[in-house]
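Novice: The file below is model.txt, compact mmCIF, C-alpha atoms and all ligand atoms:
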```txt
# COMPACT_ATOMS: atom_id res chain seq x y z
CA MET L 1441 13.53 44.37 39.90
CA ALA L 1442 11.34 41.37 39.01
CA ALA L 1443 11.18 38.55 41.49
CA CYS L 1444 12.60 35.17 40.58
CA PRO L 1445 9.74 32.69 39.96
CA ALA L 1446 11.44 30.16 42.22
CA ALA L 1447 11.60 32.66 45.04
CA THR L 1448 7.92 33.48 44.52
CA THR L 1449 7.05 29.82 44.72
CA ALA L 1450 9.02 29.44 47.93
CA ARG L 1451 7.16 32.33 49.50
CA VAL L 1452 3.77 30.93 48.49
CA GLY L 1453 4.70 27.54 49.95
CA ALA L 1454 5.86 29.12 53.16
CA ALA L 1455 2.66 31.12 53.43
CA HIS L 1456 0.67 27.86 53.41
CA GLY L 1457 2.93 26.16 55.89
CA GLY L 1458 4.08 23.52 53.39
CA GLY L 1459 7.50 24.55 52.20
CA LEU L 1460 7.84 21.71 49.70
CA TRP L 1461 9.20 23.83 46.83
CA ARG L 1462 12.61 24.77 48.15
CA ARG L 1463 15.19 25.12 45.41
CA SER L 1464 18.95 25.78 45.39
CA GLY L 1465 19.19 25.63 49.15
CA ARG L 1466 17.90 29.18 49.59
CA SER L 1467 15.35 28.43 52.29
CA PRO L 1468 16.38 25.34 54.27
CA SER L 1469 13.68 25.99 56.84
CA LEU L 1470 10.97 25.38 54.23
CA LEU L 1471 11.61 21.61 53.95
CA PRO L 1472 9.64 19.34 56.33
CA ARG L 1473 11.94 17.66 58.80
CA PRO L 1474 11.89 13.91 59.30
CA ALA L 1475 10.95 12.78 62.77
CA ARG L 1476 13.80 12.12 65.15
CA GLY L 1477 15.51 8.80 64.73
CA THR L 1478 14.26 8.31 61.16
CA SER L 1479 15.80 9.09 57.86
CA THR L 1480 14.55 9.37 54.31
CA THR L 1481 16.89 6.51 53.35
CA ALA L 1482 15.26 4.16 55.82
CA ARG L 1483 11.81 5.05 54.59
CA ALA L 1484 12.83 4.38 50.97
CA SER L 1485 14.08 0.90 51.82
CA GLU L 1486 10.85 0.18 53.61
CA LEU L 1487 9.00 1.08 50.45
CA GLN L 1488 11.18 -1.27 48.38
CA GLN L 1489 10.34 -4.14 50.72
CA ALA L 1490 6.62 -3.62 50.43
CA PRO L 1491 5.11 -6.63 48.66
CA ALA L 1492 4.31 -6.01 45.01
CA PRO L 1493 0.67 -6.44 44.08
CA ALA L 1494 0.01 -9.86 42.60
CA PRO L 1495 -0.37 -9.77 38.80
CA ALA L 1496 -3.84 -10.40 37.49
CA PRO L 1497 -4.14 -14.03 36.35
CA ALA L 1498 -4.03 -14.35 32.57
CA ALA L 1499 -7.18 -15.70 31.04
CA ALA L 1500 -6.54 -19.17 29.65
CA VAL L 1501 -6.86 -19.34 25.87
CA PRO L 1502 -8.69 -22.47 24.70
CA THR L 1503 -6.67 -24.84 22.54
CA HIS L 1504 -7.81 -27.24 19.84
CA LYS L 1505 -6.41 -30.39 18.31
CA VAL L 1506 -5.72 -29.93 14.61
CA THR L 1507 -5.22 -32.84 12.21
CA VAL L 1508 -3.81 -32.08 8.77
CA HIS L 1509 -3.72 -34.71 6.03
CA ASP L 1510 -0.91 -33.60 3.75
CA ARG L 1511 -1.98 -35.29 0.54
CA GLU L 1512 1.10 -34.30 -1.43
CA ARG L 1513 3.58 -35.75 1.07
CA GLY L 1514 1.34 -38.58 2.21
CA VAL L 1515 1.62 -37.76 5.91
CA VAL L 1516 -0.80 -36.85 8.67
CA HIS L 1517 0.11 -34.21 11.25
CA GLN L 1518 -1.59 -33.72 14.60
CA PHE L 1519 -0.83 -30.76 16.79
CA VAL L 1520 -2.44 -28.42 19.29
CA VAL L 1521 -3.22 -24.82 18.38
CA PRO L 1522 -4.42 -22.05 20.72
CA GLN L 1523 -7.63 -20.51 19.52
CA ASP L 1524 -5.96 -17.11 19.04
CA GLN L 1525 -3.02 -18.39 16.95
CA TYR L 1526 -2.67 -19.04 13.23
CA ILE L 1527 -2.62 -22.75 12.40
CA LEU L 1528 0.30 -22.54 9.95
CA HIS L 1529 2.50 -20.52 12.33
CA THR L 1530 1.78 -22.84 15.22
CA ALA L 1531 2.61 -25.89 13.09
CA GLU L 1532 5.92 -24.31 12.07
CA ALA L 1533 6.74 -23.55 15.70
CA GLN L 1534 6.43 -27.30 16.29
CA ASP L 1535 8.69 -28.16 13.32
CA ILE L 1536 5.79 -29.32 11.18
CA THR L 1537 6.16 -28.46 7.51
CA LEU L 1538 3.01 -27.53 5.62
CA PRO L 1539 2.62 -25.94 2.20
CA PHE L 1540 2.67 -22.14 2.05
CA ALA L 1541 3.86 -19.23 -0.10
CA CYS L 1542 2.66 -15.70 0.71
CA ARG L 1543 1.71 -16.33 4.38
CA HIS L 1544 -0.78 -13.45 4.19
CA GLY L 1545 -3.97 -15.11 2.97
CA CYS L 1546 -3.51 -13.87 -0.60
CA CYS L 1547 -2.47 -16.94 -2.61
CA THR L 1548 -3.91 -20.42 -2.26
CA SER L 1549 -0.76 -22.39 -1.47
CA CYS L 1550 -1.88 -23.25 2.07
CA ALA L 1551 -5.49 -24.02 1.12
CA VAL L 1552 -7.18 -26.95 2.80
CA ARG L 1553 -10.60 -28.50 2.70
CA ILE L 1554 -12.25 -28.90 6.09
CA LYS L 1555 -13.32 -32.45 6.85
CA SER L 1556 -14.65 -31.64 10.32
CA GLY L 1557 -14.57 -28.71 12.70
CA GLN L 1558 -14.47 -24.98 12.13
CA ILE L 1559 -11.87 -22.38 11.16
CA ARG L 1560 -12.16 -18.64 11.71
CA GLN L 1561 -10.40 -16.82 8.87
CA PRO L 1562 -11.38 -13.14 8.66
CA GLU L 1563 -8.20 -12.25 6.73
CA ALA L 1564 -8.47 -14.94 4.05
CA LEU L 1565 -8.55 -12.74 0.96
CA GLY L 1566 -7.27 -15.54 -1.27
CA ILE L 1567 -10.52 -17.46 -1.32
CA SER L 1568 -14.01 -16.26 -2.06
CA ALA L 1569 -16.98 -16.43 0.27
CA ASP L 1570 -18.35 -19.18 -2.00
CA LEU L 1571 -15.28 -21.32 -1.49
CA ARG L 1572 -15.34 -20.73 2.25
CA GLU L 1573 -18.91 -21.94 2.32
CA GLN L 1574 -17.79 -25.02 0.42
CA GLY L 1575 -15.34 -25.74 3.24
CA TYR L 1576 -12.09 -24.33 1.88
CA ALA L 1577 -9.78 -22.49 4.23
CA LEU L 1578 -6.31 -20.95 4.38
CA LEU L 1579 -4.09 -22.22 7.18
CA CYS L 1580 -1.75 -19.21 7.15
CA VAL L 1581 -4.53 -16.91 8.38
CA GLY L 1582 -6.83 -19.49 9.91
CA TYR L 1583 -7.60 -19.84 13.62
CA PRO L 1584 -9.17 -23.03 14.96
CA SER L 1585 -12.59 -22.54 16.52
CA SER L 1586 -12.90 -26.21 17.46
CA ASP L 1587 -11.00 -29.45 17.07
CA LEU L 1588 -10.32 -29.69 13.40
CA GLU L 1589 -9.51 -32.13 10.63
CA VAL L 1590 -8.46 -30.79 7.23
CA GLU L 1591 -6.74 -32.02 4.10
CA THR L 1592 -4.38 -30.06 1.89
CA GLN L 1593 -5.46 -29.26 -1.65
CA ASP L 1594 -3.87 -29.11 -5.03
CA GLU L 1595 -2.94 -25.45 -5.25
CA ASP L 1596 -3.82 -25.22 -8.96
CA GLU L 1597 -7.19 -26.79 -8.34
CA VAL L 1598 -8.14 -24.20 -5.70
CA TYR L 1599 -6.70 -21.40 -7.81
CA TRP L 1600 -8.84 -22.51 -10.70
CA LEU L 1601 -11.93 -22.73 -8.49
CA GLN L 1602 -11.20 -19.22 -7.29
CA PHE L 1603 -10.26 -17.52 -10.56
CA GLY L 1604 -11.18 -19.93 -13.34
CA ARG L 1605 -14.39 -18.14 -14.23
CA TYR L 1606 -12.38 -15.05 -15.13
CA PHE L 1607 -10.07 -17.04 -17.40
CA ALA L 1608 -13.03 -18.75 -19.03
CA ARG L 1609 -14.50 -15.52 -20.37
CA GLY L 1610 -12.91 -15.91 -23.81
CA PRO L 1611 -9.63 -16.10 -25.64
CA VAL L 1612 -6.76 -14.14 -24.17
CA ASP L 1613 -5.40 -11.41 -26.47
CA ARG L 1614 -2.35 -12.65 -28.28
CA ASP L 1615 0.87 -10.81 -27.59
CA ASP L 1616 2.53 -10.81 -31.05
CA TYR L 1617 5.77 -9.28 -29.84
CA ALA L 1618 6.21 -11.92 -27.13
CA LEU L 1619 5.36 -14.56 -29.72
CA GLU L 1620 8.06 -13.26 -32.08
CA LEU L 1621 10.61 -13.32 -29.29
CA ALA L 1622 9.64 -16.89 -28.43
CA MET L 1623 9.85 -17.94 -32.10
CA GLY L 1624 13.25 -16.30 -32.40
CA ASP L 1625 14.58 -18.50 -29.63
CA GLU L 1626 13.75 -21.65 -31.54
S1 LIG J 1701 0.34 -19.03 2.07
FE1 LIG J 1701 -0.66 -17.79 0.63
S2 LIG J 1701 -2.71 -17.85 1.25
FE2 LIG J 1701 -1.68 -18.96 2.77
```
As a first step, turn the structure in this file into structure tokens.
Specialist:
Amino acid sequence: MAACPAATTARVGAAHGGGLWRRSGRSPSLLPRPARGTSTTARASELQQAPAPAPAPAAAVPTHKVTVHDRERGVVHQFVVPQDQYILHTAEAQDITLPFACRHGCCTSCAVRIKSGQIRQPEALGISADLREQGYALLCVGYPSSDLEVETQDEDEVYWLQFGRYFARGPVDRDDYALELAMGDE
């Protein structure tokens, strides 16, 4: 008859003097005995009282003062933004309303022109490298790299700067069916 694996383990443990693998109460003599006057419960509570290691101090993230001139509303906002946070999100968290639409760097609703300072914006797909070099930036995916002063832009103006050259290639094909529908409404 084949030996039970548990029994085999118990025998191996006993052979090495350890006896730590006792199962189902078959070999009570294999467990190490606590020293007299102590108990496993007492030792557990001692462990719980051991002081926890102090957490590593978090590295302080630099913050920057951001000034936004909202030209459409005629107001100026000033707020502080950590260097690793989006400017638009941080403004919203402080109940400051700024223009936006997609919030993913794909449209130009949150576009600003930088008056001073620097913005890091690796996810700004909505504006070309040319426009970035001209000082345009998107607040929804922009991080401040320094104190910053920006002014909001006319969305259509930035959109035209970004895509106007494609529209200027020639006349757009006329959609006769759409034109008929439009005429029928009149
Ligand atoms: S909200 Fe669309 S690009 Fe920022």
Novice: Which residues are near ligand LIG 1701 (chain J) - at most 9 Å, using all atoms listed in the file? Format: as a compact mmCIF listing (two decimals) with C-alpha atoms, in the frame of the given file.
Specialist:
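Heads up, here's the output in part-v2.txt:
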```txt
# COMPACT_ATOMS: atom_id res chain seq x y z
CA LEU L 1528 0.30 -22.54 9.95
CA PRO L 1539 2.62 -25.94 2.20
CA PHE L 1540 2.67 -22.14 2.05
CA ALA L 1541 3.86 -19.23 -0.10
CA CYS L 1542 2.66 -15.70 0.71
CA ARG L 1543 1.71 -16.33 4.38
CA HIS L 1544 -0.78 -13.45 4.19
CA GLY L 1545 -3.97 -15.11 2.97
CA CYS L 1546 -3.51 -13.87 -0.60
CA CYS L 1547 -2.47 -16.94 -2.61
CA THR L 1548 -3.91 -20.42 -2.26
CA SER L 1549 -0.76 -22.39 -1.47
CA CYS L 1550 -1.88 -23.25 2.07
CA ALA L 1551 -5.49 -24.02 1.12
CA ALA L 1564 -8.47 -14.94 4.05
CA LEU L 1565 -8.55 -12.74 0.96
CA GLY L 1566 -7.27 -15.54 -1.27
CA ILE L 1567 -10.52 -17.46 -1.32
CA ALA L 1577 -9.78 -22.49 4.23
CA LEU L 1578 -6.31 -20.95 4.38
CA LEU L 1579 -4.09 -22.22 7.18
CA CYS L 1580 -1.75 -19.21 7.15
CA VAL L 1581 -4.53 -16.91 8.38
CA GLY L 1582 -6.83 -19.49 9.91
```
Novice: I'd like to know which of L:Val1516, L:Ala1533, L:Ile1527, L:Leu1588 is closest to Lys1555 in chain L, using only C-alpha atoms.
Specialist: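 Nearest candidate to Lys1555 in chain L out of L:Val1516, L:Ala1533, L:Ile1527, L:Leu1588: L:Leu1588.
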Novice: To box range 1594-1601 of chain L, take all atoms listed in the file, fit an axis-aligned box, add 3 Å on each side, and give centre and edge lengths in Å to one decimal, as AutoDock Vina command-line options.
Specialist:
```
--center_x -7.4 --center_y -25.3 --center_z -7.9 --size_x 15.0 --size_y 13.7 --size_z 11.7
```
Novice: What separation in Å, quoted to one decimal, exists between CA of Pro1562 in chain L and CA of Gln1602 in chain L?
Specialist: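 Atom-to-atom, CA of Pro1562 in chain L and CA of Gln1602 in chain L are spaced 17.1 Å apart.
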Novice: Select, from L:Pro1495, L:Gly1575, L:Gly1557, L:Pro1502, the residue with the minimum atom-to-atom distance to Asp1587 in chain L, counting all atoms listed in the file.
Specialist: L:Gly1557
Novice: Which distance in Å separates CA of Glu1573 in chain L and CA of Glu1532 in chain L, to one decimal?
Specialist: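 If I compute the distance from CA of Glu1573 in chain L to CA of Glu1532 in chain L, I get 26.8 Å.
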Novice: Kindly indicate which residue among L:Thr1503, L:Ser1568, L:Gln1534, L:Ser1586 lies nearest to Tyr1599 in chain L, using all atoms listed in the file for the distances.
Specialist: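 Of all the options, L:Ser1568 lies closest to Tyr1599 in chain L.
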Novice: Quick one: residues within 9 Å of Val1521 in chain L, only C-alpha atoms counted, chain neighbours fewer than 4 positions away excluded, as a PDB file with C-alpha atoms, in the coordinates of the input?
Specialist:
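As a result, result.pdb now contains:
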```pdb
ATOM      1  CA  PRO L1502      -8.690 -22.470  24.700  1.00  0.00           C
ATOM      2  CA  THR L1503      -6.670 -24.840  22.540  1.00  0.00           C
ATOM      3  CA  HIS L1504      -7.810 -27.240  19.840  1.00  0.00           C
ATOM      4  CA  LYS L1505      -6.410 -30.390  18.310  1.00  0.00           C
ATOM      5  CA  VAL L1506      -5.720 -29.930  14.610  1.00  0.00           C
ATOM      6  CA  GLN L1525      -3.020 -18.390  16.950  1.00  0.00           C
ATOM      7  CA  TYR L1526      -2.670 -19.040  13.230  1.00  0.00           C
ATOM      8  CA  ILE L1527      -2.620 -22.750  12.400  1.00  0.00           C
ATOM      9  CA  THR L1530       1.780 -22.840  15.220  1.00  0.00           C
ATOM     10  CA  ALA L1531       2.610 -25.890  13.090  1.00  0.00           C
ATOM     11  CA  TYR L1583      -7.600 -19.840  13.620  1.00  0.00           C
ATOM     12  CA  PRO L1584      -9.170 -23.030  14.960  1.00  0.00           C
TER      13      PRO L1584
END
```
